[in-house]
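Below: input-v8.tsv (TSV, C-alpha atoms)
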```tsv
chain	number	residue	atom	x	y	z
A	100	MET	CA	-17.03	53.48	7.62
A	101	LYS	CA	-20.22	53.80	9.65
A	102	LEU	CA	-20.72	50.72	11.83
A	103	PRO	CA	-24.14	49.50	13.04
A	104	VAL	CA	-25.34	50.65	16.45
A	105	GLU	CA	-25.29	47.06	17.71
A	106	TYR	CA	-21.49	47.07	17.39
A	107	TYR	CA	-21.09	50.16	19.63
A	108	ILE	CA	-23.44	48.73	22.27
A	109	ALA	CA	-21.60	45.39	22.21
A	110	MET	CA	-18.24	47.18	22.59
A	111	LYS	CA	-19.60	49.24	25.48
A	112	TYR	CA	-20.84	46.11	27.27
A	113	LEU	CA	-17.57	44.31	26.63
A	114	MET	CA	-15.23	47.12	27.70
A	115	ALA	CA	-17.25	48.68	30.51
A	116	LYS	CA	-16.32	48.04	34.16
A	117	ARG	CA	-18.32	45.20	35.66
A	118	LYS	CA	-20.29	45.21	38.83
A	119	GLN	CA	-19.13	41.63	39.14
A	120	THR	CA	-15.35	41.34	38.64
A	121	PHE	CA	-15.86	37.61	38.12
A	122	ILE	CA	-17.46	38.30	34.73
A	123	SER	CA	-14.38	40.19	33.54
A	124	ILE	CA	-12.12	37.35	34.67
A	125	ILE	CA	-14.20	34.80	32.73
A	126	THR	CA	-14.07	37.07	29.66
A	127	ILE	CA	-10.26	37.14	29.84
A	128	ILE	CA	-10.17	33.36	30.34
A	129	SER	CA	-12.44	32.93	27.31
A	130	VAL	CA	-10.15	35.03	25.10
A	131	ALA	CA	-7.07	33.19	26.42
A	132	GLY	CA	-8.72	29.79	25.90
A	133	VAL	CA	-9.56	30.57	22.27
A	134	ALA	CA	-6.05	31.95	21.70
A	135	VAL	CA	-4.34	28.88	23.20
A	136	GLY	CA	-6.56	26.51	21.23
A	137	VAL	CA	-5.96	28.28	17.92
A	138	MET	CA	-2.21	28.55	18.59
A	139	ALA	CA	-1.97	24.82	19.41
A	140	LEU	CA	-3.97	23.87	16.32
A	141	ILE	CA	-1.80	25.96	13.99
A	142	ILE	CA	1.45	24.62	15.46
A	143	VAL	CA	0.35	20.97	15.42
A	144	LEU	CA	-1.08	21.10	11.88
A	145	SER	CA	2.02	22.94	10.64
A	146	VAL	CA	4.29	20.31	12.18
A	147	MET	CA	2.18	17.48	10.74
A	148	SER	CA	2.24	19.14	7.29
A	149	GLY	CA	6.00	19.58	7.67
A	150	PHE	CA	6.42	15.89	8.50
A	151	GLU	CA	4.37	14.91	5.46
A	152	LYS	CA	6.30	17.21	3.09
A	153	GLU	CA	9.70	16.22	4.52
A	154	LEU	CA	8.96	12.50	4.26
A	155	LYS	CA	7.59	12.96	0.77
A	156	ASP	CA	10.66	14.88	-0.41
A	157	ARG	CA	13.12	12.42	1.12
A	158	ILE	CA	11.28	9.32	-0.08
A	159	LEU	CA	11.09	10.72	-3.61
A	160	GLY	CA	14.74	11.74	-3.40
A	161	ALA	CA	15.88	8.21	-2.59
A	162	THR	CA	13.45	6.30	-4.83
A	163	ALA	CA	11.80	7.00	-8.16
A	164	HIS	CA	8.29	8.31	-8.77
A	165	VAL	CA	7.19	5.21	-10.69
A	166	HIS	CA	8.57	1.65	-10.75
A	167	VAL	CA	7.99	-0.49	-13.83
A	168	THR	CA	8.32	-4.24	-13.26
A	169	SER	CA	7.44	-7.41	-15.13
A	170	LEU	CA	5.08	-10.15	-14.02
A	171	ASP	CA	7.70	-12.57	-15.40
A	172	GLY	CA	9.93	-11.70	-12.44
A	173	SER	CA	12.59	-9.70	-14.28
A	174	VAL	CA	12.88	-7.32	-17.23
A	175	ALA	CA	14.77	-8.52	-20.30
A	176	ASP	CA	16.69	-5.91	-22.35
A	177	PRO	CA	16.14	-3.13	-19.80
A	178	TYR	CA	17.85	-0.31	-21.75
A	179	PRO	CA	15.60	-0.47	-24.86
A	180	LEU	CA	12.60	-0.68	-22.52
A	181	ALA	CA	13.83	2.35	-20.57
A	182	GLU	CA	14.09	4.36	-23.81
A	183	ARG	CA	10.57	3.29	-24.78
A	184	ILE	CA	9.18	4.38	-21.40
A	185	LYS	CA	10.99	7.71	-21.70
A	186	ARG	CA	8.85	8.56	-24.74
A	187	VAL	CA	5.63	8.26	-22.70
A	188	GLN	CA	3.94	11.61	-21.98
A	189	GLY	CA	4.90	12.99	-18.55
A	190	VAL	CA	8.13	10.96	-18.19
A	191	ILE	CA	11.39	12.93	-17.88
A	192	GLY	CA	13.87	10.24	-16.80
A	193	THR	CA	14.36	6.46	-16.66
A	194	SER	CA	17.00	4.11	-15.24
A	195	PRO	CA	17.11	0.29	-14.89
A	196	TYR	CA	17.77	-1.21	-11.47
A	197	ILE	CA	18.27	-4.51	-9.66
A	198	ILE	CA	17.23	-4.98	-6.04
A	199	SER	CA	17.89	-7.81	-3.60
A	200	HIS	CA	18.19	-8.51	0.10
A	201	MET	CA	21.73	-8.95	1.37
A	202	MET	CA	23.99	-9.53	4.33
A	203	ILE	CA	27.01	-7.26	4.50
A	204	SER	CA	30.08	-7.79	6.66
A	205	SER	CA	33.22	-5.82	7.39
A	206	GLY	CA	34.96	-8.66	9.25
A	207	LYS	CA	34.24	-7.30	12.72
A	208	HIS	CA	30.60	-6.34	12.20
A	209	SER	CA	27.75	-7.48	9.95
A	210	SER	CA	24.28	-6.21	9.10
A	211	GLY	CA	21.31	-7.01	6.94
A	212	GLY	CA	20.17	-4.61	4.26
A	213	VAL	CA	19.05	-3.96	0.71
A	214	LEU	CA	21.40	-4.22	-2.26
A	215	ARG	CA	20.56	-2.01	-5.23
A	216	GLY	CA	22.25	-2.32	-8.58
A	217	VAL	CA	22.03	0.97	-10.51
A	218	ASP	CA	23.35	2.45	-13.73
A	219	PRO	CA	25.81	5.21	-12.70
A	220	ALA	CA	25.12	7.09	-15.95
A	221	THR	CA	21.33	7.38	-15.53
A	222	VAL	CA	20.53	6.93	-11.83
A	223	GLY	CA	20.90	10.68	-11.31
A	224	ASP	CA	18.01	11.21	-13.78
A	225	VAL	CA	15.52	9.52	-11.44
A	226	THR	CA	16.89	9.82	-7.87
A	227	ARG	CA	18.99	12.20	-5.79
A	228	LEU	CA	21.72	9.62	-5.12
A	229	PRO	CA	24.61	11.48	-6.85
A	230	ARG	CA	23.80	14.64	-4.85
A	231	ASP	CA	23.43	12.71	-1.57
A	232	ILE	CA	26.94	11.24	-1.75
A	233	ARG	CA	29.00	12.94	0.94
A	234	VAL	CA	32.31	11.13	0.33
A	235	GLY	CA	33.35	9.72	-3.04
A	236	SER	CA	31.35	9.97	-6.27
A	237	ILE	CA	28.84	8.04	-8.34
A	238	ASP	CA	31.38	7.67	-11.17
A	239	ALA	CA	33.57	5.44	-8.98
A	240	LEU	CA	30.74	2.91	-8.87
A	241	GLY	CA	31.35	1.78	-12.44
A	242	ARG	CA	35.12	1.41	-12.06
A	243	GLU	CA	36.93	-1.59	-10.63
A	244	SER	CA	39.95	-1.12	-8.40
A	245	PRO	CA	43.40	-2.21	-9.71
A	246	SER	CA	42.91	-5.45	-7.78
A	247	GLY	CA	39.68	-6.14	-9.65
A	248	VAL	CA	37.38	-5.52	-6.65
A	249	PRO	CA	34.16	-3.70	-7.70
A	250	GLY	CA	32.98	-0.61	-5.85
A	251	ALA	CA	30.02	-0.08	-3.51
A	252	ILE	CA	28.39	3.01	-2.02
A	253	LEU	CA	26.98	2.60	1.48
A	254	GLY	CA	24.55	4.63	3.56
A	255	ARG	CA	26.13	6.73	6.31
A	256	GLU	CA	24.44	4.81	9.13
A	257	LEU	CA	25.25	1.44	7.53
A	258	ALA	CA	28.92	2.38	7.14
A	259	GLY	CA	28.97	3.55	10.76
A	260	ASN	CA	27.44	0.29	11.98
A	261	LEU	CA	30.03	-1.70	10.04
A	262	GLY	CA	32.90	0.57	11.12
A	263	VAL	CA	34.07	1.20	7.54
A	264	THR	CA	34.87	4.23	5.43
A	265	VAL	CA	35.92	4.94	1.85
A	266	GLY	CA	38.75	2.61	0.82
A	267	ASP	CA	37.78	-0.27	3.13
A	268	VAL	CA	36.66	-3.66	1.83
A	269	VAL	CA	33.37	-5.34	2.75
A	270	GLU	CA	31.81	-8.68	1.86
A	271	ILE	CA	28.26	-8.87	0.54
A	272	LEU	CA	26.23	-12.08	0.63
A	273	VAL	CA	23.14	-12.46	-1.55
A	274	PRO	CA	20.69	-15.40	-1.72
A	275	GLY	CA	20.44	-17.81	-4.63
A	276	GLY	CA	23.85	-17.22	-6.17
A	277	ASN	CA	25.88	-20.41	-6.77
A	278	MET	CA	24.36	-23.70	-7.85
A	279	THR	CA	26.02	-26.83	-6.42
A	280	PRO	CA	25.08	-30.53	-6.33
A	281	LEU	CA	23.61	-29.78	-2.91
A	282	GLY	CA	21.41	-26.97	-4.19
A	283	SER	CA	21.60	-23.18	-4.35
A	284	PHE	CA	24.11	-21.55	-2.03
A	285	PRO	CA	24.37	-17.83	-1.23
A	286	ARG	CA	27.06	-16.03	-3.16
A	287	VAL	CA	29.64	-13.84	-1.43
A	288	LEU	CA	31.56	-11.11	-3.21
A	289	ARG	CA	34.10	-8.59	-1.95
A	290	PHE	CA	33.52	-4.87	-2.59
A	291	LYS	CA	35.58	-1.77	-2.00
A	292	VAL	CA	33.71	1.14	-0.40
A	293	VAL	CA	34.00	3.99	-2.93
A	294	GLY	CA	31.39	6.33	-1.49
A	295	ILE	CA	29.11	7.12	1.45
A	296	PHE	CA	25.72	8.74	0.95
A	297	GLU	CA	23.30	10.44	3.33
A	298	SER	CA	19.68	10.75	2.20
A	299	GLY	CA	18.38	12.11	5.51
A	300	MET	CA	16.08	9.10	5.88
A	301	TYR	CA	17.36	6.82	8.63
A	302	GLU	CA	15.67	3.75	7.13
A	303	TYR	CA	17.52	4.23	3.85
A	304	ASP	CA	20.86	5.31	5.32
A	305	THR	CA	21.02	2.25	7.57
A	306	THR	CA	20.02	-0.41	5.00
A	307	PHE	CA	20.91	0.61	1.42
A	308	ALA	CA	24.09	-0.33	-0.43
A	309	TYR	CA	24.55	0.57	-4.11
A	310	ILE	CA	26.66	-1.29	-6.68
A	311	SER	CA	26.75	-1.04	-10.46
A	312	LEU	CA	23.97	-2.67	-12.46
A	313	GLU	CA	26.47	-4.83	-14.37
A	314	THR	CA	28.07	-6.16	-11.17
A	315	ALA	CA	24.67	-6.85	-9.61
A	316	GLY	CA	23.63	-8.77	-12.74
A	317	ARG	CA	26.69	-11.00	-12.57
A	318	MET	CA	26.35	-11.51	-8.82
A	319	LEU	CA	22.67	-12.46	-8.97
A	320	GLY	CA	22.73	-14.36	-12.26
A	321	MET	CA	20.74	-11.62	-14.04
A	322	GLU	CA	23.15	-10.64	-16.84
A	323	GLY	CA	21.33	-8.54	-19.43
A	324	ARG	CA	18.24	-8.26	-17.22
A	325	SER	CA	17.00	-6.06	-14.38
A	326	THR	CA	14.40	-6.12	-11.63
A	327	GLY	CA	12.64	-3.15	-13.20
A	328	ILE	CA	12.87	0.42	-14.51
A	329	GLU	CA	12.80	3.47	-12.25
A	330	VAL	CA	10.91	6.41	-13.73
A	331	LYS	CA	10.88	10.11	-12.89
A	332	VAL	CA	7.77	12.08	-13.88
A	333	LYS	CA	7.23	15.76	-14.54
A	334	ASP	CA	4.40	16.18	-12.01
A	335	ILE	CA	4.65	14.00	-8.89
A	336	TYR	CA	0.93	14.42	-8.17
A	337	ALA	CA	0.10	13.12	-11.64
A	338	ALA	CA	2.33	10.05	-11.15
A	339	GLY	CA	-0.74	7.79	-11.04
A	340	ALA	CA	-1.95	8.99	-14.45
A	341	THR	CA	1.55	8.65	-15.91
A	342	ALA	CA	1.83	5.11	-14.51
A	343	ALA	CA	-1.49	4.27	-16.16
A	344	ARG	CA	-0.19	5.55	-19.50
A	345	ILE	CA	2.95	3.45	-19.12
A	346	ARG	CA	0.88	0.33	-18.38
A	347	SER	CA	-1.31	1.04	-21.39
A	348	ASP	CA	1.66	1.62	-23.69
A	349	LEU	CA	3.70	-1.42	-22.58
A	350	GLY	CA	0.87	-3.90	-22.06
A	351	TYR	CA	1.29	-7.38	-20.58
A	352	PRO	CA	3.45	-8.52	-18.75
A	353	TYR	CA	4.62	-5.10	-17.52
A	354	TRP	CA	3.23	-3.31	-14.49
A	355	ALA	CA	3.78	0.29	-13.29
A	356	LYS	CA	3.34	1.35	-9.66
A	357	ASP	CA	3.55	5.01	-8.60
A	358	TRP	CA	5.01	6.37	-5.35
A	359	MET	CA	1.58	7.05	-3.82
A	360	GLN	CA	0.65	3.37	-4.16
A	361	SER	CA	4.01	2.27	-2.75
A	362	ASN	CA	3.71	4.51	0.32
A	363	ARG	CA	-0.07	4.55	0.69
A	364	ASN	CA	-0.09	3.25	4.28
A	365	LEU	CA	2.45	5.80	5.50
A	366	PHE	CA	0.72	8.86	4.04
A	367	SER	CA	-2.75	7.58	4.97
A	368	ALA	CA	-1.58	7.24	8.58
A	369	LEU	CA	-0.18	10.79	8.53
A	370	LYS	CA	-3.43	12.16	7.11
A	371	LEU	CA	-5.53	10.31	9.71
A	372	GLU	CA	-3.26	11.52	12.50
A	373	LYS	CA	-3.63	15.11	11.31
A	374	VAL	CA	-7.44	14.84	11.34
A	375	VAL	CA	-7.46	13.27	14.81
A	376	MET	CA	-5.15	15.96	16.20
A	377	PHE	CA	-7.39	18.66	14.71
A	378	VAL	CA	-10.46	17.17	16.39
A	379	ILE	CA	-8.71	16.73	19.76
A	380	LEU	CA	-7.25	20.23	19.84
A	381	ALA	CA	-10.51	21.77	18.62
A	382	LEU	CA	-11.92	20.67	21.98
A	383	ILE	CA	-9.75	23.38	23.58
A	384	VAL	CA	-11.61	25.97	21.51
A	385	MET	CA	-14.92	24.35	22.47
A	386	VAL	CA	-14.05	24.67	26.17
A	387	ALA	CA	-13.34	28.34	25.57
A	388	ALA	CA	-16.70	28.56	23.77
A	389	PHE	CA	-18.46	27.31	26.90
A	390	ASN	CA	-16.74	30.12	28.78
A	391	ILE	CA	-18.17	32.55	26.22
A	392	ILE	CA	-21.65	31.14	26.85
A	393	SER	CA	-21.31	31.57	30.61
A	394	THR	CA	-19.88	35.09	30.17
A	395	LEU	CA	-22.77	36.21	27.96
A	396	ILE	CA	-25.40	34.69	30.23
A	397	MET	CA	-23.99	36.59	33.21
A	398	VAL	CA	-23.79	39.79	31.15
A	399	VAL	CA	-27.45	39.33	30.20
A	400	MET	CA	-28.34	38.93	33.87
A	401	GLU	CA	-26.32	42.03	34.76
A	402	LYS	CA	-27.71	44.13	31.91
A	403	THR	CA	-31.36	43.10	32.18
A	404	ARG	CA	-32.47	46.65	33.03
A	405	ASP	CA	-30.37	48.13	30.19
A	406	ILE	CA	-31.91	45.68	27.72
A	407	ALA	CA	-35.39	46.62	28.89
A	408	VAL	CA	-34.60	50.34	28.47
A	409	LEU	CA	-33.25	49.75	24.96
A	410	MET	CA	-36.40	47.86	24.01
A	411	THR	CA	-38.66	50.60	25.37
A	412	MET	CA	-36.67	53.09	23.25
A	413	GLY	CA	-37.47	51.12	20.11
A	414	ALA	CA	-34.81	48.43	19.88
A	415	THR	CA	-36.22	45.24	18.39
A	416	ARG	CA	-35.59	41.75	19.69
A	417	LYS	CA	-33.47	41.17	16.58
A	418	THR	CA	-31.27	44.12	17.59
A	419	ILE	CA	-30.79	42.68	21.09
A	420	ARG	CA	-29.79	39.31	19.62
A	421	ARG	CA	-27.25	41.03	17.39
A	422	VAL	CA	-25.77	42.95	20.32
A	423	PHE	CA	-24.94	39.83	22.31
A	424	ALA	CA	-23.95	37.80	19.25
A	425	LEU	CA	-21.49	40.54	18.32
A	426	GLU	CA	-20.17	40.63	21.89
A	427	GLY	CA	-19.42	36.90	21.78
A	428	LEU	CA	-17.92	37.22	18.30
A	429	LEU	CA	-15.64	40.02	19.50
A	430	ILE	CA	-14.32	37.69	22.21
A	431	GLY	CA	-13.87	34.89	19.67
A	432	VAL	CA	-12.25	37.05	16.99
A	433	THR	CA	-9.88	38.63	19.53
A	434	GLY	CA	-8.81	35.20	20.81
A	435	THR	CA	-8.53	33.81	17.28
A	436	THR	CA	-6.39	36.75	16.13
A	437	LEU	CA	-4.06	36.46	19.12
A	438	GLY	CA	-3.79	32.68	18.73
A	439	THR	CA	-3.12	32.91	14.99
A	440	ALA	CA	-0.40	35.51	15.51
A	441	LEU	CA	1.27	33.50	18.28
A	442	GLY	CA	1.01	30.25	16.29
A	443	VAL	CA	2.55	31.78	13.16
A	444	ILE	CA	5.37	33.42	15.17
A	445	LEU	CA	6.23	30.20	17.02
A	446	CYS	CA	6.12	28.17	13.79
A	447	ASP	CA	8.45	30.67	12.13
A	448	LEU	CA	10.88	30.41	15.07
A	449	LEU	CA	10.77	26.59	14.92
A	450	ARG	CA	11.41	26.64	11.19
A	451	ARG	CA	14.18	29.22	11.32
A	452	TYR	CA	16.21	28.09	14.33
A	453	GLU	CA	15.35	24.33	14.48
A	454	PHE	CA	15.87	24.26	18.25
A	455	ILE	CA	13.85	21.04	18.73
A	456	ARG	CA	15.90	17.97	17.82
A	457	LEU	CA	14.43	14.53	17.14
A	458	PRO	CA	15.98	11.04	17.35
A	459	SER	CA	16.42	10.19	13.67
A	460	ASP	CA	16.09	6.44	14.21
A	461	VAL	CA	12.55	6.97	15.52
A	462	TYR	CA	11.22	9.86	13.43
A	463	TYR	CA	13.24	9.36	10.19
A	464	ILE	CA	14.42	13.00	10.38
A	465	SER	CA	16.61	14.86	12.87
A	466	THR	CA	14.77	18.20	13.34
A	467	LEU	CA	11.15	19.16	13.83
A	468	PRO	CA	9.83	20.14	10.38
A	469	VAL	CA	7.35	23.00	10.06
A	470	LEU	CA	5.27	23.95	7.02
A	471	LEU	CA	3.01	27.00	7.37
A	472	ASP	CA	0.10	26.29	5.08
A	473	THR	CA	-2.28	29.18	4.39
A	474	ALA	CA	-5.17	26.74	3.92
A	475	ASN	CA	-4.57	25.24	7.40
A	476	ILE	CA	-4.41	28.69	9.00
A	477	LEU	CA	-7.67	29.74	7.33
A	478	LEU	CA	-9.31	26.43	8.31
A	479	VAL	CA	-8.31	26.83	11.97
A	480	SER	CA	-9.27	30.51	12.14
A	481	GLY	CA	-12.59	29.94	10.38
A	482	SER	CA	-13.47	26.96	12.58
A	483	SER	CA	-12.63	28.91	15.73
A	484	VAL	CA	-14.80	31.90	14.77
A	485	LEU	CA	-17.65	29.56	13.78
A	486	ILE	CA	-17.52	27.72	17.14
A	487	CYS	CA	-17.50	31.06	18.99
A	488	PHE	CA	-20.47	32.28	16.94
A	489	LEU	CA	-22.47	29.14	17.71
A	490	ALA	CA	-21.70	29.73	21.39
A	491	THR	CA	-23.50	33.10	21.22
A	492	LEU	CA	-26.82	31.76	19.91
A	493	TYR	CA	-28.36	30.64	23.21
A	494	PRO	CA	-27.37	33.69	25.35
A	495	SER	CA	-28.44	36.17	22.65
A	496	ARG	CA	-31.77	34.36	22.25
A	497	GLN	CA	-32.35	34.52	26.00
A	498	ALA	CA	-31.52	38.25	26.02
A	499	ALA	CA	-34.07	38.90	23.25
A	500	ARG	CA	-36.82	37.12	25.25
A	501	ILE	CA	-36.68	39.62	28.15
A	502	GLU	CA	-39.99	41.42	28.70
A	503	PRO	CA	-39.32	45.15	29.24
A	504	ALA	CA	-42.34	45.66	31.54
A	505	GLU	CA	-41.30	42.82	33.85
A	506	ALA	CA	-37.64	43.92	33.89
A	507	ILE	CA	-38.27	47.53	34.98
A	508	ARG	CA	-41.44	47.05	37.06
A	509	TYR	CA	-39.68	47.41	40.39
A	510	GLU	CA	-37.02	49.92	39.30
```

In C-alpha cells, what does this structure look like?
Amino acid sequence: MKLPVEYYIAMKYLMAKRKQTFISIITIISVAGVAVGVMALIIVLSVMSGFEKELKDRILGATAHVHVTSLDGSVADPYPLAERIKRVQGVIGTSPYIISHMMISSGKHSSGGVLRGVDPATVGDVTRLPRDIRVGSIDALGRESPSGVPGAILGRELAGNLGVTVGDVVEILVPGGNMTPLGSFPRVLRFKVVGIFESGMYEYDTTFAYISLETAGRMLGMEGRSTGIEVKVKDIYAAGATAARIRSDLGYPYWAKDWMQSNRNLFSALKLEKVVMFVILALIVMVAAFNIISTLIMVVMEKTRDIAVLMTMGATRKTIRRVFALEGLLIGVTGTTLGTALGVILCDLLRRYEFIRLPSDVYYISTLPVLLDTANILLVSGSSVLICFLATLYPSRQAARIEPAEAIRYE
C-alpha cells in the first residue's frame, strides 16, 4: 500500500538522530507516559468490571432475581401463588420463603443473623444453595432427627464463629414467638446442624441460616403462609420487565421487586467508582500528551530550515500540519499499543494465577477478580489516541505558520 509522503517525512523526523539529545529523551518519556497510562486504565477498569460481575454472580447465586411480597405483610397460600407466578412470561422458577432476624447460639458462642425458611424441593430452582453446600445436603433440611430436632444449614463463617459443625446442636431465637400474659416473648428452638454452605460472599456466609419452610412457619406463627415468593427469570437483565408483568398479573396487594432495585446502591456506587477511576487515570495520559506537545514544539524549532525548504519545493501549509500531526500520532499510537499489550498481559496473568489475595471480610471475595472487556479496551485505546491527536494541533499549526523567506534568509 502506498502511504502519503507526509507519513515518510514524519517517520524520518521521529527516527532521525537529534541535534539535541534532550528531544529524544522527551519523546521516549512521552511514549512511556502514554503506555503507563493506558496500561493502568485497562487494569483498573478490568478489575472494576471483574468486581461488578463477581458481586452480581454471587448475589444472584444466593438470592433470587425477583422477590414477590404482599402489602398485607405475608403471603397466604404461597404454593398456588408460586404456580401462578411460574406461568408469567420470562419466569423459569419459583419458591416460597420466610425470612426473619435471629440470634443463634451454640452454648459457648452466639451471633446475630438472618433466618431463612425455604422449601428444600424448590429452592434449587431459584438459588444456588444446593450447589453451595459443602458438607451435608439440602434434602436433610426437610427431615427431623430421631430425637425430633429439626435441621438447619449454616454459612461457613457463621458455623466457624459459633464453633459448630455438622451434627452439633444450636439454639435459634426469633422475635415475636410466644404470647404470654406479659406480652410477646422471643421463641427459642433447638436445631441440629445438617449442612454447611459457602456462597463466596462473606456477608451471606457469616449471617445466613436456612431451615425448612414448614419449621419456620411453626416457629414464627406463620403456618400456611410465607414472607414472599422467590422468582428466577430467564434473562437477568430483563428482570425489571418480568417483575412488571408479575405485578400486572397479580394486582393488589402483591408487589414484585427485581434484583437491580434491591442492590441499586451497590451497583450505582461501583459504576460511579469506575467512572471516577477512568477520569483520574486519564490524567496520566494527559500528562504524556503535554510531553508530546513539548516534543513537537522543539522539533519544529529544530527543523525550521527543513520546513522552509519543503515549502519552497511546493509543500503546502496543510502538508506541514499533517507531517507534525502524524508525528505526534505515531508517538501516541506507539504508546497506546504498548500500554494495551502490557495491560492485557497483566490482566491475563492476574486472572489465571490469582496471585493477589484480598481479605474477604472487607471485599466480599477472596481474590482479585479480572474481566477483560473488549468495549473497555477500545474505549481506553480510542481515548488515548484522541488525547494524543489533540496534543498535536497547536505544534502542527505553529509549524505551518513558518514563513520560508524569513526562515532561510540568513542560511

Problem set entry | Interatomic distance (Å, one decimal) between atom CA of A:Ala315 and atom CA of A:Thr193 | 18.3 Å

Problem set entry | Option closest in space to A:Thr306, from A:Arg496, A:Arg215, A:Arg344, A:Arg233 [counting only C-alpha atoms] | A:Arg215

Exercise. Looking at A:Leu365, A:Ala337, A:Val133, A:Leu445, which one is nearest to A:Val469, with distances taken over only C-alpha atoms?
Worked result: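 Answer, going by the shortest atom-to-atom distance: A:Leu445.
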
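Of the residues listed (A:Pro249, A:Gly192, A:Gly299, A:Gly316), A:Gly316 shows the shortest atom-to-atom separation from A:Val217; distances use all atoms listed in the file.
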
Exercise. Using all atoms listed in the file, which residue out of A:Arg456, A:Arg317, A:Arg157, A:Arg324 lies closest to A:Leu288?
Worked result: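 Of A:Arg456, A:Arg317, A:Arg157, A:Arg324, the one nearest A:Leu288 is A:Arg317, counting all atoms listed in the file.
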
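For the pair atom CA of A:Asp472 and atom CA of A:Asp357, the separation is 25.5 Å.
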
Exercise. Looking at A:Val443, A:Ile430, A:Ile501, A:Ile328, which one is nearest to A:Gly132, with distances taken over only C-alpha atoms?
Worked result: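 Between A:Val443, A:Ile430, A:Ile501, A:Ile328, the residue approaching A:Gly132 most closely is A:Ile430.
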
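The residue that comes closest to A:Trp358, out of A:Ser495, A:Ile108, A:Met138, A:Gly160 and on the basis of all atoms listed in the file, is A:Gly160.
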
For this session: Tell me, in Å to one decimal, how far atom CA of A:Arg420 is from atom CA of A:Ala498.
Result: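 Atom CA of A:Ala498 lies 6.7 Å from atom CA of A:Arg420.
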
Exercise. A:Phe296: which residues within 9 Å, counting only C-alpha atoms, same-chain residues fewer than 2 positions away excluded, as a ChimeraX atom specification?
Worked result: /A:228-235,252-255,294,298,304

Write to file, as a short mmCIF file (atom, residue, chain, number, x, y, z; two decimals), in the coordinates of the input, the residues of the selection just made, with C-alpha atoms.
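Just written: again_12.cif:
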```
data_model
loop_
_atom_site.label_atom_id
_atom_site.label_comp_id
_atom_site.auth_asym_id
_atom_site.auth_seq_id
_atom_site.Cartn_x
_atom_site.Cartn_y
_atom_site.Cartn_z
CA LEU A 228 21.72 9.62 -5.12
CA PRO A 229 24.61 11.48 -6.85
CA ARG A 230 23.80 14.64 -4.85
CA ASP A 231 23.43 12.71 -1.57
CA ILE A 232 26.94 11.24 -1.75
CA ARG A 233 29.00 12.94 0.94
CA VAL A 234 32.31 11.13 0.33
CA GLY A 235 33.35 9.72 -3.04
CA ILE A 252 28.39 3.01 -2.02
CA LEU A 253 26.98 2.60 1.48
CA GLY A 254 24.55 4.63 3.56
CA ARG A 255 26.13 6.73 6.31
CA GLY A 294 31.39 6.33 -1.49
CA SER A 298 19.68 10.75 2.20
CA ASP A 304 20.86 5.31 5.32
#
```

Using all atoms listed in the file, I'd like a table of the residues in stretch 134-233 of chain A that come within 6 Å of stretch 349-354 of chain A; for each, show the closest atom pair and its distance in Å rounded to one decimal, ordered by chain and ascending number, as a tab-separated table.
```
residue	atom	partner	partner_atom	distance
A:Val167	CA	A:Trp354	CA	5.6
A:Thr168	CA	A:Trp354	CA	5.3
A:Ser169	CA	A:Tyr353	CA	4.4
A:Leu170	CA	A:Pro352	CA	5.3
```

Expected axis-aligned box over every listed atom of stretch 333-339 of chain A, 3 Å added per side, centre plus edges in Å to one decimal, as lines of an AutoDock Vina configuration file:
```
center_x = 3.2
center_y = 12.0
center_z = -11.4
size_x = 14.0
size_y = 14.4
size_z = 12.4
```

Exercise. What lies within 12 Å of A:Met318 using all atoms listed in the file, ignoring chain neighbours under 4 positions off, as a count of residues only?
Worked result: 27

Could I get the residues of stretch 175-267 of chain A with an atom no further than 7 Å from an atom of stretch 161-165 of chain A, each paired with its nearest atom pair and that distance in Å to one decimal, using only C-alpha atoms, sorted by chain and residue number, as a Markdown table?
```
| residue | atom | partner | partner_atom | distance |
| --- | --- | --- | --- | --- |
| A:Val225 | CA | A:Ala163 | CA | 5.6 |
| A:Thr226 | CA | A:Ala161 | CA | 5.6 |
| A:Arg227 | CA | A:Ala161 | CA | 6.0 |
| A:Leu228 | CA | A:Ala161 | CA | 6.5 |
```
